[in-house]
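> Supplied structure: run-v3.pdb, PDB, C-alpha atoms.
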```
ATOM      1  CA  MET A   1     -59.620  16.994 -14.599
ATOM      2  CA  THR A   2     -61.998  19.645 -15.899
ATOM      3  CA  GLU A   3     -62.444  22.935 -14.095
ATOM      4  CA  GLU A   4     -65.953  21.861 -13.056
ATOM      5  CA  ALA A   5     -64.637  18.558 -11.665
ATOM      6  CA  ILE A   6     -61.908  20.428  -9.774
ATOM      7  CA  LEU A   7     -64.473  22.832  -8.349
ATOM      8  CA  GLN A   8     -66.826  20.039  -7.307
ATOM      9  CA  GLY A   9     -63.977  18.099  -5.724
ATOM     10  CA  CYS A  10     -62.800  21.165  -3.810
ATOM     11  CA  LEU A  11     -66.334  21.739  -2.555
ATOM     12  CA  LYS A  12     -66.133  18.223  -1.081
ATOM     13  CA  ASN A  13     -62.674  18.938   0.415
ATOM     14  CA  GLU A  14     -61.034  16.298  -1.771
ATOM     15  CA  ALA A  15     -57.250  16.594  -1.510
ATOM     16  CA  ALA A  16     -56.687  15.495  -5.141
ATOM     17  CA  ALA A  17     -58.976  18.257  -6.444
ATOM     18  CA  GLN A  18     -57.340  20.842  -4.187
ATOM     19  CA  ARG A  19     -53.893  19.771  -5.412
ATOM     20  CA  GLU A  20     -55.089  19.982  -9.018
ATOM     21  CA  LEU A  21     -56.505  23.475  -8.456
ATOM     22  CA  TYR A  22     -53.276  24.622  -6.828
ATOM     23  CA  ASN A  23     -51.112  23.131  -9.588
ATOM     24  CA  LYS A  24     -53.262  24.700 -12.292
ATOM     25  CA  TYR A  25     -53.429  28.237 -10.915
ATOM     26  CA  SER A  26     -50.449  28.712  -8.597
ATOM     27  CA  PRO A  27     -47.906  29.752 -11.270
ATOM     28  CA  LYS A  28     -50.072  32.678 -12.461
ATOM     29  CA  MET A  29     -51.043  33.623  -8.919
ATOM     30  CA  LEU A  30     -47.408  33.532  -7.779
ATOM     31  CA  ALA A  31     -46.666  36.116 -10.466
ATOM     32  CA  VAL A  32     -49.452  38.285  -9.010
ATOM     33  CA  CYS A  33     -48.019  37.903  -5.488
ATOM     34  CA  TYR A  34     -44.503  38.605  -6.721
ATOM     35  CA  ARG A  35     -45.542  42.054  -7.928
ATOM     36  CA  PHE A  36     -46.689  42.977  -4.416
ATOM     37  CA  ALA A  37     -44.020  41.188  -2.379
ATOM     38  CA  HIS A  38     -40.597  42.358  -1.282
ATOM     39  CA  ASN A  39     -38.963  39.085  -2.336
ATOM     40  CA  ARG A  40     -39.787  35.601  -3.600
ATOM     41  CA  GLU A  41     -40.200  34.155  -0.102
ATOM     42  CA  ASP A  42     -42.773  36.817   0.775
ATOM     43  CA  ALA A  43     -44.555  36.115  -2.522
ATOM     44  CA  GLU A  44     -44.689  32.403  -1.743
ATOM     45  CA  ASP A  45     -46.082  33.144   1.728
ATOM     46  CA  MET A  46     -48.749  35.378   0.163
ATOM     47  CA  LEU A  47     -49.580  32.634  -2.321
ATOM     48  CA  GLN A  48     -49.967  30.005   0.396
ATOM     49  CA  GLU A  49     -52.176  32.222   2.527
ATOM     50  CA  GLY A  50     -54.200  33.168  -0.552
ATOM     51  CA  PHE A  51     -54.848  29.567  -1.516
ATOM     52  CA  ILE A  52     -55.908  28.718   2.017
ATOM     53  CA  LYS A  53     -58.531  31.453   1.642
ATOM     54  CA  VAL A  54     -59.503  30.113  -1.783
ATOM     55  CA  PHE A  55     -60.146  26.673  -0.304
ATOM     56  CA  LEU A  56     -62.018  28.095   2.681
ATOM     57  CA  GLN A  57     -64.172  30.377   0.503
ATOM     58  CA  ILE A  58     -64.688  28.147  -2.520
ATOM     59  CA  HIS A  59     -68.319  27.601  -1.548
ATOM     60  CA  THR A  60     -68.914  31.328  -2.233
ATOM     61  CA  PHE A  61     -67.986  31.046  -5.933
ATOM     62  CA  GLU A  62     -71.248  31.557  -7.816
ATOM     63  CA  ASN A  63     -70.174  30.576 -11.351
ATOM     64  CA  ARG A  64     -70.548  34.176 -12.472
ATOM     65  CA  GLY A  65     -67.438  35.250 -14.304
ATOM     66  CA  ALA A  66     -64.216  33.352 -14.655
ATOM     67  CA  PHE A  67     -63.086  31.038 -11.876
ATOM     68  CA  GLU A  68     -59.501  32.231 -12.409
ATOM     69  CA  GLY A  69     -60.633  35.836 -11.948
ATOM     70  CA  TRP A  70     -62.353  34.909  -8.693
ATOM     71  CA  ILE A  71     -59.149  33.260  -7.454
ATOM     72  CA  ARG A  72     -57.082  36.267  -8.561
ATOM     73  CA  ARG A  73     -59.277  38.671  -6.577
ATOM     74  CA  ILE A  74     -58.781  36.587  -3.445
ATOM     75  CA  ILE A  75     -55.021  36.485  -4.023
ATOM     76  CA  VAL A  76     -54.810  40.269  -4.578
ATOM     77  CA  HIS A  77     -56.844  40.986  -1.451
ATOM     78  CA  THR A  78     -54.672  38.559   0.505
ATOM     79  CA  CYS A  79     -51.535  40.378  -0.646
ATOM     80  CA  ILE A  80     -52.995  43.734   0.385
ATOM     81  CA  ASN A  81     -54.123  42.389   3.761
ATOM     82  CA  ILE A  82     -50.674  40.958   4.452
ATOM     83  CA  LEU A  83     -49.026  44.276   3.570
ATOM     84  CA  LYS A  84     -51.464  46.144   5.800
ATOM     85  CA  ARG A  85     -51.147  43.632   8.628
ATOM     86  CA  ASN A  86     -47.374  43.953   8.568
ATOM     87  CA  LYS A  87     -47.727  47.724   8.270
ATOM     88  CA  LYS A  88     -45.299  47.575   5.366
ATOM     89  CA  PHE A  89     -47.599  49.602   3.141
ATOM     90  CA  ASN A  90     -48.154  52.494   5.547
ATOM     91  CA  ASP A  91     -44.459  52.720   6.398
ATOM     92  CA  SER A  92     -43.474  52.922   2.754
ATOM     93  CA  VAL A  93     -45.862  55.554   1.428
ATOM     94  CA  ASP A  94     -43.607  58.540   1.396
ATOM     95  CA  ILE A  95     -43.543  61.359  -1.068
ATOM     96  CA  ILE A  96     -39.884  62.154  -0.566
ATOM     97  CA  HIS A  97     -38.993  59.829  -3.447
ATOM     98  CA  ALA A  98     -41.115  61.806  -5.896
ATOM     99  CA  THR A  99     -39.502  65.203  -5.462
ATOM    100  CA  GLY A 100     -37.922  66.443  -8.637
ATOM    101  CA  VAL A 101     -39.418  63.727 -10.835
ATOM    102  CA  GLN A 102     -41.316  65.014 -13.820
ATOM    103  CA  VAL A 103     -44.244  63.051 -15.193
ATOM    104  CA  ARG A 104     -44.100  62.375 -18.902
ATOM    105  CA  GLU A 105     -47.270  60.491 -19.854
ATOM    106  CA  GLU A 106     -46.082  59.346 -23.251
ATOM    107  CA  SER A 107     -42.850  57.567 -22.356
ATOM    108  CA  VAL A 108     -42.282  53.830 -22.109
ATOM    109  CA  PRO A 109     -40.029  51.262 -23.649
ATOM    110  CA  SER A 110     -40.732  50.237 -27.215
ATOM    111  CA  ILE A 111     -39.826  46.559 -26.992
ATOM    112  CA  ILE A 112     -39.092  45.050 -23.605
ATOM    113  CA  GLN A 113     -39.458  41.777 -21.776
ATOM    114  CA  ALA A 114     -42.233  41.609 -19.201
ATOM    115  CA  LYS A 115     -39.757  40.335 -16.627
ATOM    116  CA  GLN A 116     -37.649  43.487 -16.975
ATOM    117  CA  VAL A 117     -40.683  45.706 -16.428
ATOM    118  CA  VAL A 118     -41.761  43.716 -13.375
ATOM    119  CA  GLU A 119     -38.248  43.927 -11.931
ATOM    120  CA  CYS A 120     -38.284  47.695 -12.419
ATOM    121  CA  ILE A 121     -41.728  47.971 -10.834
ATOM    122  CA  ARG A 122     -40.410  45.997  -7.869
ATOM    123  CA  MET A 123     -37.772  48.701  -7.355
ATOM    124  CA  LEU A 124     -40.501  51.227  -6.515
ATOM    125  CA  PRO A 125     -41.282  51.980  -2.871
ATOM    126  CA  LEU A 126     -43.930  49.548  -1.696
ATOM    127  CA  GLY A 127     -46.735  52.118  -1.564
ATOM    128  CA  TYR A 128     -46.136  53.278  -5.125
ATOM    129  CA  ARG A 129     -45.737  49.700  -6.360
ATOM    130  CA  THR A 130     -48.960  48.600  -4.662
ATOM    131  CA  VAL A 131     -51.088  51.385  -6.132
ATOM    132  CA  LEU A 132     -49.506  50.971  -9.580
ATOM    133  CA  ASN A 133     -50.222  47.227  -9.549
ATOM    134  CA  LEU A 134     -53.777  47.636  -8.299
ATOM    135  CA  TYR A 135     -54.697  50.393 -10.741
ATOM    136  CA  ALA A 136     -52.736  49.704 -13.922
ATOM    137  CA  VAL A 137     -52.315  45.934 -13.798
ATOM    138  CA  GLU A 138     -55.276  44.627 -11.775
ATOM    139  CA  GLY A 139     -57.736  47.262 -13.039
ATOM    140  CA  TYR A 140     -59.129  48.555  -9.750
ATOM    141  CA  SER A 141     -60.435  52.124  -9.623
ATOM    142  CA  HIS A 142     -58.828  54.718  -7.362
ATOM    143  CA  ARG A 143     -61.974  54.605  -5.235
ATOM    144  CA  GLU A 144     -61.624  50.826  -4.779
ATOM    145  CA  ILE A 145     -57.913  51.157  -4.044
ATOM    146  CA  ALA A 146     -58.554  53.846  -1.454
ATOM    147  CA  LYS A 147     -61.039  51.594   0.291
ATOM    148  CA  MET A 148     -58.730  48.549   0.178
ATOM    149  CA  LEU A 149     -55.707  50.437   1.490
ATOM    150  CA  ASP A 150     -57.533  52.740   3.907
ATOM    151  CA  ILE A 151     -56.263  55.852   2.166
ATOM    152  CA  GLU A 152     -57.894  58.822   0.461
ATOM    153  CA  GLU A 153     -58.829  58.513  -3.208
ATOM    154  CA  SER A 154     -56.620  61.528  -3.942
ATOM    155  CA  THR A 155     -53.712  59.710  -2.265
ATOM    156  CA  SER A 156     -54.234  56.753  -4.569
ATOM    157  CA  ARG A 157     -54.198  59.063  -7.596
ATOM    158  CA  SER A 158     -51.053  60.885  -6.489
ATOM    159  CA  GLN A 159     -49.290  57.628  -5.585
ATOM    160  CA  TYR A 160     -50.101  56.301  -9.056
ATOM    161  CA  THR A 161     -48.820  59.448 -10.752
ATOM    162  CA  ARG A 162     -45.629  59.376  -8.702
ATOM    163  CA  ALA A 163     -45.195  55.653  -9.324
ATOM    164  CA  LYS A 164     -45.393  56.158 -13.084
ATOM    165  CA  ALA A 165     -42.876  58.991 -12.933
ATOM    166  CA  MET A 166     -40.478  57.039 -10.749
ATOM    167  CA  LEU A 167     -40.833  53.932 -12.902
ATOM    168  CA  GLU A 168     -40.075  55.956 -15.995
ATOM    169  CA  ASP A 169     -36.971  57.319 -14.274
ATOM    170  CA  ILE A 170     -35.841  53.790 -13.381
ATOM    171  CA  LEU A 171     -36.434  52.573 -16.939
ATOM    172  CA  VAL A 172     -34.395  55.468 -18.321
ATOM    173  CA  ARG A 173     -31.541  54.903 -15.846
ATOM    174  CA  LYS A 174     -31.425  51.204 -16.695
ATOM    175  CA  LYS A 175     -31.411  52.164 -20.385
ATOM    176  CA  ILE A 176     -34.545  50.144 -20.986
ATOM    177  CA  LEU A 177     -36.578  53.174 -22.042
ATOM    178  CA  GLN A 178     -35.566  54.184 -25.543
ATOM    179  CA  LYS A 179     -38.557  55.603 -27.376
ATOM    180  CA  PRO A 180     -41.520  57.489 -25.925
ATOM    181  CA  ARG A 181     -44.686  55.400 -26.025
ATOM    182  CA  PRO A 182     -47.946  55.357 -24.064
ATOM    183  CA  HIS A 183     -47.402  54.014 -20.541
ATOM    184  CA  THR A 184     -50.114  51.418 -21.093
ATOM    185  CA  GLU A 185     -47.703  49.332 -23.175
ATOM    186  CA  TRP A 186     -45.244  48.673 -20.358
ATOM    187  CA  ILE A 187     -48.069  48.265 -17.837
ATOM    188  CA  ALA A 188     -49.633  45.614 -20.101
ATOM    189  CA  LEU A 189     -46.311  43.767 -20.199
ATOM    190  CA  ALA A 190     -46.127  43.782 -16.406
ATOM    191  CA  GLY A 191     -49.550  42.162 -16.158
ATOM    192  CA  ASN A 192     -48.515  39.122 -18.193
TER     193      ASN A 192
END
```
As a first step, turn the structure in this file into structure tokens.


Amino acid sequence: MTEEAILQGCLKNEAAAQRELYNKYSPKMLAVCYRFAHNREDAEDMLQEGFIKVFLQIHTFENRGAFEGWIRRIIVHTCINILKRNKKFNDSVDIIHATGVQVREESVPSIIQAKQVVECIRMLPLGYRTVLNLYAVEGYSHREIAKMLDIEESTSRSQYTRAKAMLEDILVRKKILQKPRPHTEWIALAGN
């Protein structure tokens, strides 16, 4: 089934087209949810809720930009809304974890598996992890993040800085970080 046929079928609420859409995009979208979730079960719940929204909002897709990107935006916003609804984000944004951590912009692992980076990112407090994912992996601006999370733009910036520092510390402790490199390399791996 082509993407256009899937889209047309979903617009008509055809179960086969909806199943095809889910099967085609759910693995990538589960990886997106996993970066925001506390565990796999939470990620799967986020995915299910996100796809319900995709099916309910599919009539709003205007064929501008990639269909996958449109789905991804819905999934990301669903993850954020679930975190906010459960108040998990607000309860986890604490700066106590950042005390004593020095930021070193140029350090990251030289060669590392994306899975290892994601697992290390998942060790961050939820607030740090959320801002890091939104800014570095999903490409949202600090202004957009602030609006999504109902925080100040400066809070988004400081959370991102602290997240990078804490992630670097985790990578060093796990002996994954061996040679200083620009942080964009390990962030790019996490987005895969």

> At what distance in Å, to one decimal, does CA of Arg64 (chain A) lie from CA of Ala16 (chain A)?

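Going from CA of Ala16 (chain A) over to CA of Arg64 (chain A), I get 24.4 Å.
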
> Show me a table, sorted first by chain and then by increasing residue number, of the residues of region 111-153 of chain A having an atom at most 8 Å from region 23-36 of chain A, each with its shortest atom pair and the distance in Å to one decimal, counting all atoms listed in the file and written as CSV.


```
residue,atom,partner,partner_atom,distance
A:Val118,CA,A:Arg35,CA,6.8
A:Ile121,CA,A:Arg35,CA,7.6
A:Arg122,CA,A:Arg35,CA,6.5
A:Leu126,CA,A:Phe36,CA,7.6
A:Arg129,CA,A:Phe36,CA,7.1
A:Thr130,CA,A:Phe36,CA,6.1
A:Asn133,CA,A:Arg35,CA,7.2
```

> Quick one: which residues end up in the PyMOL selection byres ((chain A and resi 157-167) around 6) for this structure, as a ChimeraX atom specification?

/A:98,103,128,131-132,154-156,168-170

> May I have the selected residues written with C-alpha atoms, as a compact mmCIF listing (two decimals), in the coordinates of the input?


```txt
# COMPACT_ATOMS: atom_id res chain seq x y z
CA ALA A 98 -41.12 61.81 -5.90
CA VAL A 103 -44.24 63.05 -15.19
CA TYR A 128 -46.14 53.28 -5.12
CA VAL A 131 -51.09 51.38 -6.13
CA LEU A 132 -49.51 50.97 -9.58
CA SER A 154 -56.62 61.53 -3.94
CA THR A 155 -53.71 59.71 -2.26
CA SER A 156 -54.23 56.75 -4.57
CA GLU A 168 -40.08 55.96 -16.00
CA ASP A 169 -36.97 57.32 -14.27
CA ILE A 170 -35.84 53.79 -13.38
```

> Nearest to Arg19 (chain A) among A:Glu138, A:Pro125, A:Phe51, A:Leu149, with distances taken over only C-alpha atoms: which residue is it?

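So, comparing all the options, the nearest one is A:Phe51.
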
> Please identify all polymer residues lying at most 12 Å from the point (-55.0, 30.8, 1.3) (file coordinates), using all atoms listed in the file, and present the result as a PyMOL selection string.

chain A and resi 18+22+26+29+44-58+71-79+81-82

> Expressed in Å to a single decimal, how great is the separation between CA of Leu171 (chain A) and CA of Cys120 (chain A)?

6.9 Å

> To one decimal place, how far is CA of Ile145 (chain A) from CA of Lys115 (chain A) in Å?

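A separation of 24.6 Å between them.
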
> How big is the axis-aligned box, and where does its centre sit, when it encloses all atoms of region 2-14 of chain A listed in the file and has 6 Å added on every side, reported in Å to one decimal as AutoDock Vina command-line options?


```
--center_x -63.9 --center_y 19.6 --center_z -7.7 --size_x 17.8 --size_y 18.6 --size_z 28.3
```
